Every structure is written in C-alpha cells, then in structure tokens.
file protein_24.cif (mmCIF, C-alpha atoms and all ligand atoms)
data_input
loop_
_atom_site.label_atom_id
_atom_site.label_comp_id
_atom_site.auth_asym_id
_atom_site.auth_seq_id
_atom_site.Cartn_x
_atom_site.Cartn_y
_atom_site.Cartn_z
CA MET A 1 83.95 137.01 123.74
CA LEU A 2 82.50 135.65 120.55
CA GLU A 3 81.33 138.23 118.12
CA GLN A 4 77.61 137.94 118.41
CA PRO A 5 75.40 138.46 115.40
CA LYS A 6 72.31 140.57 115.85
CA ASP A 7 69.91 137.66 115.97
CA PHE A 8 71.88 135.69 118.58
CA ARG A 9 69.53 133.48 120.60
CA SER A 10 69.88 132.17 124.12
CA GLY A 11 67.85 130.37 126.72
CA PHE A 12 67.05 127.31 128.77
CA VAL A 13 65.75 124.22 126.99
CA ALA A 14 64.34 121.49 129.21
CA ILE A 15 64.42 117.96 127.82
CA ILE A 16 61.55 115.94 129.25
CA GLY A 17 60.10 112.48 128.70
CA ALA A 18 59.64 109.03 130.15
CA PRO A 19 62.62 107.20 131.69
CA ASN A 20 64.95 105.66 129.09
CA VAL A 21 63.52 107.58 126.16
CA GLY A 22 67.03 108.91 125.46
CA LYS A 23 67.16 112.35 127.11
CA SER A 24 70.73 112.19 128.42
CA THR A 25 72.09 110.54 125.27
CA LEU A 26 70.57 113.27 123.11
CA ILE A 27 72.07 116.05 125.20
CA ASN A 28 75.46 114.32 125.14
CA THR A 29 75.27 114.23 121.36
CA MET A 30 74.18 117.85 121.10
CA ILE A 31 76.92 119.20 123.33
CA ALA A 32 79.44 116.86 121.69
CA ASP A 33 80.57 115.62 125.06
CA ASP A 34 79.76 112.59 127.13
CA PHE A 35 79.19 114.54 130.29
CA LEU A 36 75.89 112.99 131.24
CA ALA A 37 75.62 109.55 132.72
CA VAL A 38 73.65 107.25 130.44
CA SER A 39 72.39 103.83 131.35
CA PRO A 40 69.91 101.15 130.44
CA VAL A 41 68.73 101.33 134.05
CA ALA A 42 65.99 103.88 134.60
CA GLN A 43 66.77 106.80 136.87
CA THR A 44 70.51 106.91 136.95
CA THR A 45 70.16 110.42 138.23
CA LEU A 46 67.12 112.16 139.58
CA HIS A 47 68.32 115.73 139.49
CA SER A 48 67.81 118.31 136.81
CA THR A 49 71.21 118.94 135.27
CA PRO A 50 72.03 121.95 133.11
CA LEU A 51 74.60 121.69 130.31
CA ILE A 52 75.70 124.62 128.21
CA HIS A 53 76.16 124.63 124.46
CA THR A 54 77.61 127.79 122.90
CA ASP A 55 78.17 128.42 119.19
CA ASP A 56 78.27 131.51 116.99
CA GLN A 57 74.49 131.76 116.70
CA SER A 58 73.25 130.72 120.10
CA GLN A 59 73.81 129.68 123.66
CA ILE A 60 71.51 126.85 124.65
CA ILE A 61 71.37 125.63 128.21
CA PHE A 62 69.99 122.11 127.98
CA VAL A 63 68.37 120.91 131.17
CA ASP A 64 68.39 117.15 131.58
CA THR A 65 65.51 116.06 133.81
CA ALA A 66 64.46 112.90 135.61
CA GLY A 67 62.20 110.62 133.58
CA ILE A 68 58.56 111.29 134.33
CA LEU A 69 55.76 108.77 134.66
CA PRO A 70 52.33 108.88 136.27
CA PHE A 71 53.45 106.84 139.26
CA GLN A 72 51.84 107.19 142.64
CA GLY A 73 53.72 107.35 145.91
CA GLN A 74 55.52 110.14 147.73
CA TYR A 75 58.89 109.28 146.20
CA TYR A 76 57.75 109.41 142.58
CA ARG A 77 55.67 112.50 143.25
CA ARG A 78 58.88 114.27 144.29
CA VAL A 79 60.74 113.07 141.23
CA LEU A 80 57.92 114.14 138.96
CA ALA A 81 57.48 117.53 140.63
CA GLY A 82 61.24 118.14 140.62
CA ALA A 83 61.49 117.50 136.89
CA MET A 84 58.42 119.63 136.19
CA ASN A 85 59.64 122.41 138.45
CA SER A 86 62.82 122.88 136.46
CA ALA A 87 61.13 122.43 133.10
CA LEU A 88 58.53 125.06 134.00
CA GLN A 89 61.35 127.60 134.29
CA ALA A 90 62.64 126.92 130.78
CA ASP A 91 62.20 129.03 127.66
CA LEU A 92 61.39 125.96 125.60
CA VAL A 93 60.49 122.37 126.36
CA VAL A 94 61.62 119.51 124.14
CA ARG A 95 59.38 116.57 124.82
CA LEU A 96 60.93 113.29 123.72
CA VAL A 97 58.73 110.45 122.59
CA ASP A 98 59.52 107.00 121.29
CA ASP A 99 57.28 104.75 119.27
CA GLN A 100 55.52 103.34 122.33
CA PRO A 101 51.93 104.56 122.33
CA PRO A 102 51.04 106.56 125.47
CA LYS A 103 49.11 104.55 128.03
CA ASP A 104 46.87 107.40 129.12
CA ASP A 105 46.56 111.15 128.88
CA PHE A 106 49.31 111.85 131.44
CA PHE A 107 51.55 113.66 128.95
CA ASP A 108 48.60 115.71 127.70
CA ARG A 109 48.16 116.98 131.25
CA VAL A 110 51.89 117.64 131.44
CA GLU A 111 51.73 119.65 128.23
CA GLN A 112 48.77 121.64 129.54
CA LEU A 113 50.95 123.01 132.35
CA PHE A 114 53.44 124.36 129.82
CA HIS A 115 50.65 125.83 127.68
CA LYS A 116 49.35 127.67 130.74
CA ARG A 117 52.78 129.24 131.25
CA LYS A 118 53.04 129.96 127.50
CA ILE A 119 56.18 127.82 127.25
CA PRO A 120 56.50 126.41 123.72
CA ILE A 121 56.86 122.64 123.30
CA LEU A 122 58.78 120.87 120.58
CA ARG A 123 57.86 117.19 120.18
CA VAL A 124 60.78 115.09 119.09
CA GLN A 125 60.78 111.39 118.29
CA THR A 126 63.97 109.70 119.52
CA LYS A 127 65.80 106.52 118.50
CA SER A 128 64.72 106.90 114.87
CA ASP A 129 67.35 104.26 114.00
CA LEU A 130 65.21 101.66 115.80
CA SER A 131 61.87 102.48 114.27
CA SER A 132 60.51 103.01 110.80
CA GLU A 133 57.23 104.32 112.16
CA ASN A 134 56.81 108.04 112.47
CA VAL A 135 55.14 109.02 115.68
CA GLU A 136 52.01 111.07 115.19
CA ASN A 137 52.34 114.71 116.24
CA ALA A 138 56.15 114.67 116.39
CA ASP A 139 57.69 117.82 114.92
CA LEU A 140 61.00 116.12 114.21
CA SER A 141 62.72 112.80 114.59
CA VAL A 142 66.31 112.17 115.63
CA SER A 143 68.75 109.41 116.38
CA ALA A 144 71.21 110.50 119.03
CA LEU A 145 73.29 107.37 118.49
CA LYS A 146 73.52 107.75 114.70
CA LYS A 147 73.66 111.56 114.96
CA GLU A 148 70.74 111.94 112.58
CA GLY A 149 68.42 114.93 112.63
CA ILE A 150 70.64 116.81 115.07
CA GLU A 151 71.26 119.93 112.93
CA GLU A 152 67.53 120.14 112.19
CA LEU A 153 66.82 119.93 115.90
CA PHE A 154 69.31 122.72 116.63
CA ALA A 155 67.62 124.88 114.01
CA ALA A 156 64.16 124.18 115.42
CA ILE A 157 65.34 125.01 118.94
CA ARG A 158 67.04 128.27 117.89
CA GLU A 159 63.93 129.40 116.04
CA ARG A 160 61.93 129.10 119.25
CA LEU A 161 64.38 130.77 121.63
CA PRO A 162 64.26 134.44 122.49
CA GLU A 163 66.87 136.82 121.11
CA GLY A 164 69.52 137.59 123.68
CA GLY A 165 73.22 137.40 124.51
CA VAL A 166 75.21 134.73 126.29
CA LEU A 167 74.06 133.91 129.82
CA PHE A 168 77.21 132.02 130.86
CA PRO A 169 80.90 132.28 129.86
CA GLU A 170 81.36 130.49 126.53
CA ASP A 171 83.78 127.91 127.87
CA ASP A 172 81.55 126.81 130.72
CA LEU A 173 80.04 123.39 130.38
CA SER A 174 77.71 123.54 133.33
CA PRO A 175 76.89 125.70 136.32
CA ARG A 176 76.77 122.46 138.28
CA ALA A 177 79.93 121.52 140.17
CA ILE A 178 82.20 118.87 138.62
CA ARG A 179 82.18 116.84 141.81
CA GLU A 180 78.42 116.43 141.45
CA PHE A 181 78.96 115.00 137.98
CA VAL A 182 81.57 112.65 139.44
CA VAL A 183 78.85 111.24 141.70
CA ASP A 184 76.71 110.44 138.64
CA TRP A 185 79.63 108.91 136.73
CA ILE A 186 80.51 106.59 139.59
CA ARG A 187 76.85 105.56 139.88
CA GLU A 188 76.78 104.96 136.13
CA THR A 189 79.84 102.71 136.50
CA LEU A 190 78.17 100.84 139.34
CA PHE A 191 75.19 100.09 137.13
CA PHE A 192 77.44 98.65 134.46
CA GLU A 193 79.91 96.80 136.67
CA ALA A 194 77.72 95.56 139.49
CA ARG A 195 74.20 95.92 138.23
CA ASN A 196 72.99 92.60 139.54
CA GLU A 197 74.83 92.78 142.82
CA VAL A 198 74.13 96.20 144.24
CA PRO A 199 70.83 97.69 145.23
CA HIS A 200 69.64 100.41 142.90
CA ALA A 201 69.88 103.11 145.50
CA THR A 202 73.51 102.64 146.52
CA PHE A 203 74.69 106.15 147.23
CA VAL A 204 77.95 107.72 146.19
CA GLU A 205 79.60 110.46 148.15
CA VAL A 206 82.61 112.37 146.87
CA GLU A 207 84.53 113.04 150.07
CA GLU A 208 87.57 114.75 148.55
CA TYR A 209 88.04 116.40 145.21
CA GLN A 210 91.37 118.06 144.64
CA GLU A 211 92.89 119.56 141.50
CA ASN A 212 96.67 119.17 141.65
CA PRO A 213 99.25 121.62 140.25
CA ASP A 214 100.38 118.96 137.73
CA GLY A 215 96.89 118.98 136.15
CA SER A 216 95.73 115.73 137.70
CA VAL A 217 92.73 115.32 139.97
CA ARG A 218 92.57 113.36 143.21
CA ILE A 219 89.20 111.98 144.22
CA VAL A 220 88.19 110.05 147.30
CA ALA A 221 84.68 108.65 147.15
CA ALA A 222 82.55 106.39 149.31
CA LEU A 223 79.94 103.94 148.14
CA GLY A 224 77.23 103.63 150.74
CA VAL A 225 75.08 100.60 151.32
CA GLU A 226 72.67 99.62 154.05
CA ARG A 227 73.93 96.21 155.14
CA ASP A 228 77.21 94.44 155.87
CA THR A 229 76.32 91.72 153.38
CA GLN A 230 76.01 94.31 150.63
CA LYS A 231 79.35 95.74 151.63
CA GLY A 232 80.96 92.31 151.27
CA ILE A 233 79.47 91.89 147.81
CA LEU A 234 80.68 95.28 146.63
CA ILE A 235 84.19 94.64 147.89
CA GLY A 236 84.32 91.17 146.37
CA LYS A 237 86.77 88.36 146.91
CA GLY A 238 90.10 89.82 147.99
CA GLY A 239 88.82 93.27 146.98
CA SER A 240 88.43 92.28 143.32
CA LYS A 241 85.01 93.81 142.76
CA ILE A 242 85.73 97.23 144.22
CA LYS A 243 89.02 97.26 142.34
CA ALA A 244 87.28 96.62 139.02
CA ILE A 245 84.69 99.29 139.75
CA GLY A 246 87.46 101.72 140.67
CA ILE A 247 89.40 101.12 137.46
CA ALA A 248 86.32 101.48 135.26
CA ALA A 249 85.19 104.62 137.10
CA ARG A 250 88.65 106.18 136.88
CA LYS A 251 88.80 105.60 133.12
CA LYS A 252 85.37 107.11 132.71
CA ILE A 253 86.26 110.18 134.76
CA GLU A 254 89.60 110.59 132.97
CA SER A 255 87.99 110.53 129.56
CA ARG A 256 85.41 113.10 130.59
CA LEU A 257 87.74 115.45 132.45
CA GLN A 258 90.61 114.78 130.05
CA CYS A 259 93.25 114.65 132.73
CA PRO A 260 94.88 111.97 134.88
CA VAL A 261 92.72 110.95 137.82
CA HIS A 262 93.66 109.27 141.08
CA LEU A 263 90.54 107.68 142.46
CA SER A 264 90.16 105.83 145.69
CA LEU A 265 86.90 104.17 146.54
CA ARG A 266 85.74 102.78 149.83
CA VAL A 267 82.56 101.12 150.88
CA LYS A 268 80.68 102.14 153.97
CA VAL A 269 77.58 100.89 155.69
CA ARG A 270 75.01 103.38 156.81
CA LYS A 271 71.98 101.68 158.21
CA LYS A 272 68.72 103.26 157.14
CA TRP A 273 70.53 105.93 155.16
CA ARG A 274 67.49 106.24 152.95
CA ASN A 275 65.83 108.10 155.77
CA SER A 276 68.71 110.55 156.02
CA ASP A 277 69.33 113.74 154.14
CA VAL A 278 71.95 112.06 151.92
CA PHE A 279 69.01 110.38 150.29
CA GLY A 280 67.26 113.69 149.76
CA ARG A 281 70.37 115.31 148.29
CA GLN A 282 71.25 112.49 146.00
CA PHE A 283 67.96 110.96 145.04
CA GLY A 284 65.44 113.66 145.64
CA PRO A 285 65.18 116.99 143.91
CA ASP A 286 65.49 120.16 145.93
CA ILE A 287 61.86 121.11 146.27
CA SER A 288 59.48 121.83 149.14
CA ASP A 289 56.61 119.51 150.05
CA ALA A 290 54.13 122.29 149.33
CA GLU A 291 55.56 122.74 145.83
CA VAL A 292 55.40 118.97 145.23
CA ASP A 293 51.73 118.98 146.18
CA ARG A 294 50.97 122.02 144.07
CA ILE A 295 52.51 120.62 140.90
CA CYS A 296 51.12 117.10 141.40
CA ASN A 297 47.63 118.46 142.05
CA GLN A 298 47.79 120.39 138.82
CA LEU A 299 48.65 117.14 137.06
CA GLY A 300 45.80 115.33 138.78
CA MET A 301 48.26 113.10 140.62
N1 LIG A 401 69.23 102.81 119.31
C1 LIG A 401 69.27 103.93 120.02
N2 LIG A 401 69.37 103.85 121.37
C2 LIG A 401 69.41 105.00 122.06
C3 LIG A 401 69.33 106.28 121.43
N3 LIG A 401 69.36 107.22 122.40
C4 LIG A 401 69.47 106.55 123.57
N4 LIG A 401 69.50 105.22 123.39
C5 LIG A 401 69.65 104.18 124.44
O1 LIG A 401 68.53 104.24 125.32
C6 LIG A 401 68.94 103.95 126.68
C7 LIG A 401 68.50 105.07 127.59
O2 LIG A 401 69.18 106.24 127.22
P1 LIG A 401 69.32 107.47 128.24
O3 LIG A 401 69.90 108.61 127.47
O4 LIG A 401 70.03 107.05 129.49
O5 LIG A 401 67.77 107.74 128.56
P2 LIG A 401 67.12 108.76 129.62
O6 LIG A 401 66.69 107.93 130.78
O7 LIG A 401 65.92 109.34 128.91
O8 LIG A 401 68.14 109.80 129.94
C8 LIG A 401 70.45 103.77 126.63
O9 LIG A 401 70.72 102.40 126.63
C9 LIG A 401 70.86 104.44 125.33
O10 LIG A 401 72.03 103.91 124.77
C10 LIG A 401 69.23 106.32 119.98
O11 LIG A 401 69.16 107.37 119.32
N5 LIG A 401 69.20 105.11 119.35
MG MG A 402 69.00 110.28 131.80
#
call {"tool": "encode", "arguments": {"input": "protein_24.cif", "output": "structure tokens"}}
result
Amino acid sequence: MLEQPKDFRSGFVAIIGAPNVGKSTLINTMIADDFLAVSPVAQTTLHSTPLIHTDDQSQIIFVDTAGILPFQGQYYRRVLAGAMNSALQADLVVRLVDDQPPKDDFFDRVEQLFHKRKIPILRVQTKSDLSSENVENADLSVSALKKEGIEELFAAIRERLPEGGVLFPEDDLSPRAIREFVVDWIRETLFFEARNEVPHATFVEVEEYQENPDGSVRIVAALGVERDTQKGILIGKGGSKIKAIGIAARKKIESRLQCPVHLSLRVKVRKKWRNSDVFGRQFGPDISDAEVDRICNQLGM
C-alpha cells in the first residue's frame, strides 16, 4: 500500500460533454495511458468506462461517458440517459466545452440535474491549442494533445473530491474487463482502417481471450455485419482488407497491453442483429426503460 497522507482524496469523476469534444483523449492523457479508444468518428463507444488513476495524494476514478446531445429518438434517449445515469453517481462532474457556442439551453438543463443532487461541476475548455478564445464560464482550459493545463486540472479535481482512502488496488487500471476494452480497440481500428467501407454499427465480439503462460495473449474476435455484401467488403480481395485490419488491431492491442498478442479475426453475417441483445450490450447502456424515461423527462427530452 502507498503511505497515504492525511488529506488523501478519492472519488469518481465523470467526464461529460458533446461527442468529439475530447473526453477520451483527456482521460488518456491524465492516466498516462492510451487505454481509451479515440476517434474522429462520433460515438466510438457508448458505454460509461471507468479508469483509475492513483498517485500519492489521490485516487481518481475517471468515468468516460458517451457524448451527449439533445437528440430525439429512442436510441439517443438511451445513450443520453446512460451517460447521465453514470455521471449522476459521481462525486464530481467535469463538463468539457469547446469554443463552439451552445445551440440551446440543453447543457443548462443537464447542469441543473447535477445541482439538484449537489454534485459539483467543473467546467473545462478543451483543445486550447486550437483556439485563442477563452470560453465564457470555463474554470480552466486544457490541451490534452499538448499536455497543457493538466496539472492545474488535477489540482482543481483533488480540491473538489472528498477526503478518503483508495477505493481500488493501486495497480488496477479499470474495474472493467480487459476483453471489453479489446472490443473498443478493434472498433477503433475499424474506424481508421475501413471507415468508408463499413457501416458505423459493425459489432465486434471477443469470442476467446486467453492469457498464455509465456505472457502472450490469444484473442479470437468476430466482426459482425448485416449483409453478405458487407462481409465481402470487410474481407477484401484475397482477404487483404481483413488482414490489414487484423495487423493494425494487433499492434494497437500489443502496445496497450504491452505483451505479444495473437489475434485472429473473422467476419460473420447476422441478419437484423441490431434487433438482438448484442446490440443492447455493445451499443446501448445497461439501463431500464423506466430509468431512461425518468432521466429524459427531467431534461425535458
Ligand atoms: N487539437 C486537439 N485535438 C484534440 C484534443 N483532444 C482531442 N482532440 C481530437 O478530437 C477528436 C475527438 O477526440 P475524442 O477524445 O475521441 O472525443 P470524445 O468523443 O469526446 O471522447 C480526436 O480526433 C482527437 O484527436 C486536443 O487537446 N487538441
Ligand atoms: Mg470518447
């Protein structure tokens, strides 16, 4: 155990904001690890993902959330409610903003829900390297890419967390299973390698995940699409596309797990899989319909 000073702080810090504002990149920078999938495509992952940072003053569990927007429709209501549901259980909310002016008062309504629960909010402007304008009402500004403002952000977070000991073992990176991260990393690779070819909602299923005695990991994963034509495109001429995706994904997983990885990918067709529970598990947060309605009603959605 670390020797913990008397004013050690710990708690859950939810990072919220619109899609692409830089939530995952910021958390990656703060935990000094590239564990979270990042992409220029909105909604690489729709789950709330906790990542643990432990140092000699604090243990901060950052919760990455799906990007929130005032979109209508059952699907977006679930995404919105899922993100809010996890953020409403946090000790502190960090709301990320960029220099785009808000289109309406949606985020004011979002903030109201945290005020009601007496959860403090820290407003942080992201991507400060891209903008010379300071956003009104931001408490701090940071650039995750240039690593600017990060220590100040840590200090501001610690100040607002309750005093308390570690909640997880210091070496833990996340309470979420590694194989779940592998799903996100393969999806991230798909967005980079086959962005224009594959439908956004191609699902990834890790079918086998085995840690070998020699320290390597063996992974078998399936990429699921809805139609035979999509399968052909993903496999490519003579298997060239799937091979390229496999190599890129393996490198990505190896660099994150820091061990040799044997990855085999296959493509399968599952007609109408979006109606199945795979869709719910992978693209929908774990939340009841009643809870979705409750949270969305409170937001006037
Ligand atoms: N210039 C710049 N780009 C950034 C910064 N943080 C994130 N980005 C980019 O913004 C895009 C979306 O980032 P991501 O972390 O996936 O956003 P999220 O959807 O909020 O999780 C990616 O292309 C990032 O590289 C930053 O500090 N500066
Ligand atoms: Mg993200």
call {"tool": "closest_atom_pairs", "arguments": {"input": "protein_24.cif", "of": "segment 121-149 of chain A", "to": "segment 92-105 of chain A", "cutoff": "6 Å", "atoms": "all atoms listed in the file", "output": "CSV"}}
result
residue,atom,partner,partner_atom,distance
A:Ile121,CA,A:Val93,CA,4.8
A:Leu122,CA,A:Val94,CA,4.8
A:Arg123,CA,A:Arg95,CA,4.9
A:Val124,CA,A:Leu96,CA,5.0
A:Gln125,CA,A:Val97,CA,4.9
A:Thr126,CA,A:Asp98,CA,5.5
A:Val135,CA,A:Asp99,CA,6.0
call {"tool": "residues_near_ligand", "arguments": {"input": "protein_24.cif", "ligand": "ligand LIG 401 (chain A)", "cutoff": "7 Å", "atoms": "only C-alpha atoms and all ligand atoms", "output": "PyMOL selection string"}}
result
chain A and resi 17-26+37-40+42-43+67+126-130+142-146
call {"tool": "atom_distance", "arguments": {"input": "protein_24.cif", "atom1": "atom CA of Asp171 of chain A", "atom2": "atom CA of Phe154 of chain A"}}
result
19.0 Å
call {"tool": "atom_distance", "arguments": {"input": "protein_24.cif", "atom1": "atom CA of Glu205 of chain A", "atom2": "atom CA of Arg256 of chain A"}}
result
18.7 Å
call {"tool": "residues_around", "arguments": {"input": "protein_24.cif", "residues": "Gly215 of chain A", "least_positions_apart": "5", "cutoff": "10 Å", "atoms": "all atoms listed in the file", "output": "PyMOL selection string"}}
result
chain A and resi 258-261
call {"tool": "closest_residue", "arguments": {"input": "protein_24.cif", "among": "A:Leu173, A:Ile31, A:Val63, A:Ala83", "to": "Cys296 of chain A", "atoms": "only C-alpha atoms"}}
result
A:Ala83
call {"tool": "closest_residue", "arguments": {"input": "protein_24.cif", "among": "A:Phe192, A:Tyr75, A:Phe12, A:Phe35", "to": "ligand MG 402 (chain A)", "atoms": "all atoms listed in the file"}}
result
A:Phe35
call {"tool": "atom_distance", "arguments": {"input": "protein_24.cif", "atom1": "atom CA of Glu180 of chain A", "atom2": "atom CA of Phe203 of chain A"}}
result
12.4 Å
call {"tool": "closest_residue", "arguments": {"input": "protein_24.cif", "among": "A:Arg250, A:Arg9, A:His47, A:Lys271", "to": "ligand MG 402 (chain A)", "atoms": "all atoms listed in the file"}}
result
A:His47
call {"tool": "build_atoms", "arguments": {"input": "protein_24.cif", "residues": "segment 92-124 of chain A", "atoms": "N, CA and C atoms", "output": "short mmCIF file (atom, residue, chain, number, x, y, z; two decimals), in the frame of the given file"}}
result
data_model
loop_
_atom_site.label_atom_id
_atom_site.label_comp_id
_atom_site.auth_asym_id
_atom_site.auth_seq_id
_atom_site.Cartn_x
_atom_site.Cartn_y
_atom_site.Cartn_z
N LEU A 92 61.93 126.90 126.58
CA LEU A 92 61.39 125.96 125.60
C LEU A 92 61.47 124.56 126.20
N VAL A 93 60.46 123.76 125.91
CA VAL A 93 60.49 122.37 126.36
C VAL A 93 60.59 121.46 125.14
N VAL A 94 61.54 120.55 125.17
CA VAL A 94 61.62 119.51 124.14
C VAL A 94 61.10 118.24 124.78
N ARG A 95 59.97 117.79 124.28
CA ARG A 95 59.38 116.57 124.82
C ARG A 95 59.78 115.40 123.93
N LEU A 96 60.50 114.45 124.50
CA LEU A 96 60.93 113.29 123.72
C LEU A 96 59.89 112.18 123.79
N VAL A 97 59.64 111.59 122.64
CA VAL A 97 58.73 110.45 122.59
C VAL A 97 59.39 109.34 121.80
N ASP A 98 59.06 108.10 122.14
CA ASP A 98 59.52 107.00 121.29
C ASP A 98 58.28 106.39 120.64
N ASP A 99 58.43 105.24 120.02
CA ASP A 99 57.28 104.75 119.27
C ASP A 99 56.30 103.94 120.13
N GLN A 100 56.49 103.98 121.44
CA GLN A 100 55.52 103.34 122.33
C GLN A 100 54.29 104.24 122.46
N PRO A 101 53.11 103.72 122.19
CA PRO A 101 51.93 104.56 122.33
C PRO A 101 51.70 104.92 123.80
N PRO A 102 51.27 106.17 124.08
CA PRO A 102 51.04 106.56 125.47
C PRO A 102 49.92 105.73 126.09
N LYS A 103 50.09 105.41 127.39
CA LYS A 103 49.11 104.55 128.03
C LYS A 103 47.86 105.32 128.44
N ASP A 104 48.04 106.59 128.76
CA ASP A 104 46.87 107.40 129.12
C ASP A 104 47.17 108.85 128.74
N ASP A 105 46.39 109.75 129.30
CA ASP A 105 46.56 111.15 128.88
C ASP A 105 47.52 111.93 129.78
N PHE A 106 48.39 111.19 130.51
CA PHE A 106 49.31 111.85 131.44
C PHE A 106 50.12 112.97 130.75
N PHE A 107 50.70 112.66 129.60
CA PHE A 107 51.55 113.66 128.95
C PHE A 107 50.74 114.83 128.38
N ASP A 108 49.45 114.58 128.10
CA ASP A 108 48.60 115.71 127.70
C ASP A 108 48.45 116.68 128.87
N ARG A 109 48.28 116.12 130.06
CA ARG A 109 48.16 116.98 131.25
C ARG A 109 49.47 117.72 131.50
N VAL A 110 50.58 117.00 131.29
CA VAL A 110 51.89 117.64 131.44
C VAL A 110 52.00 118.83 130.47
N GLU A 111 51.62 118.59 129.23
CA GLU A 111 51.73 119.65 128.23
C GLU A 111 50.84 120.85 128.57
N GLN A 112 49.68 120.55 129.15
CA GLN A 112 48.77 121.64 129.54
C GLN A 112 49.45 122.64 130.47
N LEU A 113 50.26 122.12 131.40
CA LEU A 113 50.95 123.01 132.35
C LEU A 113 51.90 123.96 131.62
N PHE A 114 52.54 123.47 130.58
CA PHE A 114 53.44 124.36 129.82
C PHE A 114 52.63 125.36 129.00
N HIS A 115 51.50 124.90 128.44
CA HIS A 115 50.65 125.83 127.68
C HIS A 115 50.21 126.99 128.58
N LYS A 116 49.82 126.64 129.81
CA LYS A 116 49.35 127.67 130.74
C LYS A 116 50.42 128.73 130.98
N ARG A 117 51.68 128.28 131.02
CA ARG A 117 52.78 129.24 131.25
C ARG A 117 53.29 129.85 129.94
N LYS A 118 52.64 129.48 128.83
CA LYS A 118 53.04 129.96 127.50
C LYS A 118 54.48 129.55 127.16
N ILE A 119 54.86 128.36 127.60
CA ILE A 119 56.18 127.82 127.25
C ILE A 119 56.00 126.91 126.03
N PRO A 120 56.67 127.24 124.92
CA PRO A 120 56.50 126.41 123.72
C PRO A 120 57.04 124.99 123.91
N ILE A 121 56.44 124.05 123.21
CA ILE A 121 56.86 122.64 123.30
C ILE A 121 57.23 122.16 121.90
N LEU A 122 58.36 121.50 121.83
CA LEU A 122 58.78 120.87 120.58
C LEU A 122 58.72 119.37 120.82
N ARG A 123 57.96 118.65 119.99
CA ARG A 123 57.86 117.19 120.18
C ARG A 123 58.85 116.49 119.26
N VAL A 124 59.72 115.73 119.86
CA VAL A 124 60.78 115.09 119.09
C VAL A 124 60.77 113.58 119.30
#
